[in-house]
Amino acid sequence: MMMKTGIKFRINKSGGIQVITIILAFACVIPLIAILAYIIQAGITKINWNFLTNIPKPVGETGGGIVNALVGSVIIILVASVIAIPIGILTGVYLSENRKSTLAYWCRLCIDVLQGVPSIVVGIVAYFWLVKPLGGFSALSGSVALAIMMLPIVVRSTEETLKLLPDSLKEAAFALGMPFHRVILKVIIPCGISGILSGAILSVARIAGETAPLLFTAFGNPYLTTNITKPMHSLPLLIFNYATSPYNDWHDLAWGASVILLVFVLLLNILTKQITKKWKVQL
Amino acid sequence: MKQSLFNIKNSLTALALLATLGLTSCGGGGTSSKTDSTASASGDDNTLIGAGSSFDNPLFSKMFSEYNKMNGLKVNYQSVGSGAGISQLTNKTVDFGASDAPMNAKQDSAASAPVLHIPVTAGAVAISYNLADVKDTLMLTPSVLADIFLGKITKWNDPKIAAVNKGVKLPGTGIVIAHRSDGSGTTNIFTTYLSKVSEEWNTKVGKGSSINWPVGLGGKGTEGVAGLVKQTPGAIGYIELAYAVQNNMAYAKVQNKAGNFIVPTIASVTAAANITIPPDSKVSLTNTDAADGYPISGFSWVLIYQEQKYNDRSADRASKLLKLLSWMIHDGQQYSGPLTYAPLSPAAVAVGDAILKSATFNGKPILQ
Amino acid sequence: MDTPIKNEKITLSEASLGVIDSGKKANTVSKKTLRRPFRQIRTEKFFKQTLVLMGLIMVILVFGILLTLIVESIPSIRALGLKYLWGKTWDPVQDIYGAFPFLLGTLLTSFLALIISVPFSIAVAIFLGEYFPKGWLSDFLKNTVELIAAVPSVIYGFWGLAVMVPIVRSFETKIGVDPIGVGIFTSSVILAIMIIPYAASLGRSVIQMVPSSLKEGAYALGATRWEVIRDVIIPYTKSGLFAGILLSLGRALGETMAVTMVIGNTSQLPKSIFAPGNTMASVIANEFTEADKAVYLSALIELGLVLFLVTTVINMIGKKVISRFTNE
């Protein structure tokens, strides 16, 4: 009899725990959906043609838009990608080709360290490396700061993808007499393109919303500009400045900008998942 | 394997190559723009870069937008606080700084060259509060104000506040203080005033742009403080008048030296600003003797280097800057009134003109 | 194939198999001479050197960051010494710099966030790793949790200001604390939401790695599902889960934007978890551009150095634990 209640109790307990776990797990979904829903409903109505094509009005006047921040974000992200993605892919190739050398060990260690560096520290460093010596704030220094943050993601995913490729692929290419650089560039990388591409896209998604590195580098600009040697505005900076201000009009602009940023980042993430699903590494 | 990739000699040569490449491109990014940029931030000579006081931000953004319509010059002004304005000017990363607190001796020595202070406007530091149920304008005496910000008075219905506001029904909400979290000239004006009127404040806290506040929440920029006050019931904070007016926030009448309770307006600020201005224009307007002057007023200055030739700046750039500043203290003043800033008095404009004339490029005065 | 410009006698072992450490014994191949154009060999060499350069760049980059932080902190270290770390007053006007309020703020918010988020992360990990490893429900939950990590932190901050702060304010009124809304508690809650995915995804991977033989053995002995989890899976994956929690902690320590928007930004020591405070990252963000004195600026950078070292150490411990776990 003792055993019977014992078993029943244990089974019930197990079922109860399962229910609790399910509740807790799905409770995580609630804040995300709440945030998404709130931001979208707060911001979607603010997006209109005026919003997308005008620059901000003087303080206190209504109207105005976010085009300078929008274009600025695109340019800064593009420049950062141009810097980070090639370097990242090549480093990933280096790491996957050299498993055991000392430099590779240190390189991997440094990538791990870089991944955990807080974004504000990257901003400080970029200020001292680029803003002070060049005598001014610029979009370029912001892009470099963002590129530093993108590197670990690109390197990691490239290395992991290339590690999965079988050696026979490489050996077959060599056996045909291909030189090393051709093997890498024309055989290995195209084979692993899904992993590499998804790493690149993920890194862009990661830095698209970063504000802290841009605080002391890109500085902000109320005018539309495309010159990367000068200060430039960006969406995260705009959201940060306007969100803490008292002007309701600015709040509206910030909500609209948040929607755009959010949709952009989410789309990139979904795109990554589609790529990994569709272009599986051909083993 | 014999041919190790990590061949020291080869990789060092490659590294040296890349390093020189990097350096030249860095300098090249500067050379291509050396004709137009490098020289202290900014790039093409049609954009000037300024940073500093959030106190001035509403006025400046209107002025610069109008100036841009007039002659196409763009001014990129970032409202990052007076402290940041001064240090960015010291670092020569901006063309001009803006500050509601004149540079002190330490800051002067940190700057490598003399810095001119040009007064561009005078404004009021309004004591704004968030009490939705109180319809009358609150009146505050200096000692009550100091006690609130020292943290000694913690509830709105404290007898000390009630004594000054007879007949007003004050709620029992707690007082939430909002102050600046960044270096601020507005803080400087406010704390200079508090130090003058409260001995306890003077010894305990002191005055400055970035002080150790005994209580309260910090907001970044006047925008941040105004945002905090607007959103927090029971909050009280010090912000430039334009922000309070633009956001329909309530602000208090403050008792001045003469004993009158004054509302911050253009007239009361102008009355407070009606004093002799020294040639370097560094003067404080707080705790004014004027009978109808608002006691927490202050000038705001634009800061530039006296010798404009530094960091490869071009003569053209310097002259554009000086023309802008000259316009700001003359025609630009028409935009102060609508935004509740006090236009400069003729005496102040005269001082400003004299200071501007002393700005030189390579030793020669820029403005004729 | 290009016509050889210059004949070079290259052995097969060197030229064709340009890979090092591939584990293949190249010298077992018979040495045949191969006609390779000199140009091609130079390109190969150049490419290989570029790869090495890339590896070097990473190392130089990270050491450069560390070096810059140290060099710029030296004025402050020299002037203030170690007392800096437990000085309780941060008064730039008087040149008194004590980092303790910010250290406390950082530790409080991060650990509070961790405590709040760990039950949820572990629940998600167990759910995805054990109860429903496959299926559309699991995919949905997995993607949703990963999306949490994708939302930019400034948006979390904005949402926190607009939605959480009023909620916390009414909560504070109910429990009789000063209804400020912003403060340590609010930032901890928002941080908790942001760091859930890190422990959850790592936890899920390690839970899935538990060998079924272990689990089946337990079931065969009559254990219920929960008992299998409690007595088999969790002890087996203890280190992996711990590493995941460390990763979440590392993320929370360095978070800047969301925290700085809702923490209240005051240099006073927080008196309770509902009081406003400040974290190291957020004080750097607020005061960096205006630090006009050399010691002030370098005091801030010293904060950055401390932040960098602490997050690095925590992340390294986490990674070591994971690598030990996956190699066992």
# chains A, B, ... in the order shown; residues from 1 in each chain; ligands from 1
call {"tool": "interface_residues", "arguments": {"of": "chain C", "to": "chain B", "cutoff": "6 Å", "atoms": "only C-alpha atoms", "output": "list of chain:residue names"}}
result
C:Gln49, C:Asp91, C:Val93, C:Gly264, C:Asn265, C:Thr266, C:Asn286, C:Glu287, C:Thr289, C:Glu290, C:Asp292
call {"tool": "atom_distance", "arguments": {"atom1": "CA of Lys277 (chain A)", "atom2": "CA of Val204 (chain A)"}}
result
19.2 Å
call {"tool": "interface_residues", "arguments": {"of": "chain A", "to": "chain B", "cutoff": "8 Å", "atoms": "only C-alpha atoms", "output": "list of chain:residue names"}}
result
A:Pro58, A:Val59, A:Gly60, A:Leu103, A:Val131, A:Lys132, A:Leu134, A:Gly135, A:Gly136, A:Phe137, A:Ser138, A:Phe219, A:Gly220, A:Asn221, A:Pro222, A:Tyr223, A:Thr229, A:Lys230, A:Pro231, A:Thr244, A:Ser245, A:Pro246, A:Tyr247
call {"tool": "write_last_selection", "arguments": {"atoms": "C-alpha atoms", "output": "short mmCIF file (atom, residue, chain, number, x, y, z; two decimals), in the first residue's frame"}}
result
data_model
loop_
_atom_site.label_atom_id
_atom_site.label_comp_id
_atom_site.auth_asym_id
_atom_site.auth_seq_id
_atom_site.Cartn_x
_atom_site.Cartn_y
_atom_site.Cartn_z
CA PRO A 58 13.89 72.03 -35.09
CA VAL A 59 13.32 71.14 -31.50
CA GLY A 60 9.73 71.52 -30.49
CA LEU A 103 48.70 31.11 -33.52
CA VAL A 131 38.07 59.74 -33.43
CA LYS A 132 40.87 61.39 -31.52
CA LEU A 134 41.56 61.81 -37.02
CA GLY A 135 40.34 64.86 -35.19
CA GLY A 136 36.65 64.28 -35.41
CA PHE A 137 33.63 62.09 -35.22
CA SER A 138 32.83 60.11 -38.30
CA PHE A 219 27.97 61.34 -33.05
CA GLY A 220 24.76 62.03 -34.93
CA ASN A 221 23.76 64.56 -37.55
CA PRO A 222 20.47 66.37 -38.11
CA TYR A 223 21.17 66.52 -41.83
CA THR A 229 34.32 60.76 -42.83
CA LYS A 230 31.77 62.93 -41.11
CA PRO A 231 29.29 62.40 -38.31
CA THR A 244 14.31 59.84 -23.13
CA SER A 245 13.04 63.24 -24.23
CA PRO A 246 9.82 64.90 -23.14
CA TYR A 247 8.49 65.69 -26.59
#
call {"tool": "closest_residue", "arguments": {"among": "A:Gly63, A:Pro56, A:Gly195, A:Pro152", "to": "chain C", "atoms": "only C-alpha atoms"}}
result
A:Pro152
call {"tool": "atom_distance", "arguments": {"atom1": "CA of Phe111 (chain C)", "atom2": "CA of Leu214 (chain A)"}}
result
27.4 Å
call {"tool": "atom_distance", "arguments": {"atom1": "CA of Gly116 (chain A)", "atom2": "CA of Val82 (chain A)"}}
result
22.2 Å
call {"tool": "closest_residue", "arguments": {"among": "C:Leu214, C:Ile263, C:Ile234, C:Val124", "to": "chain A", "atoms": "only C-alpha atoms"}}
result
C:Val124
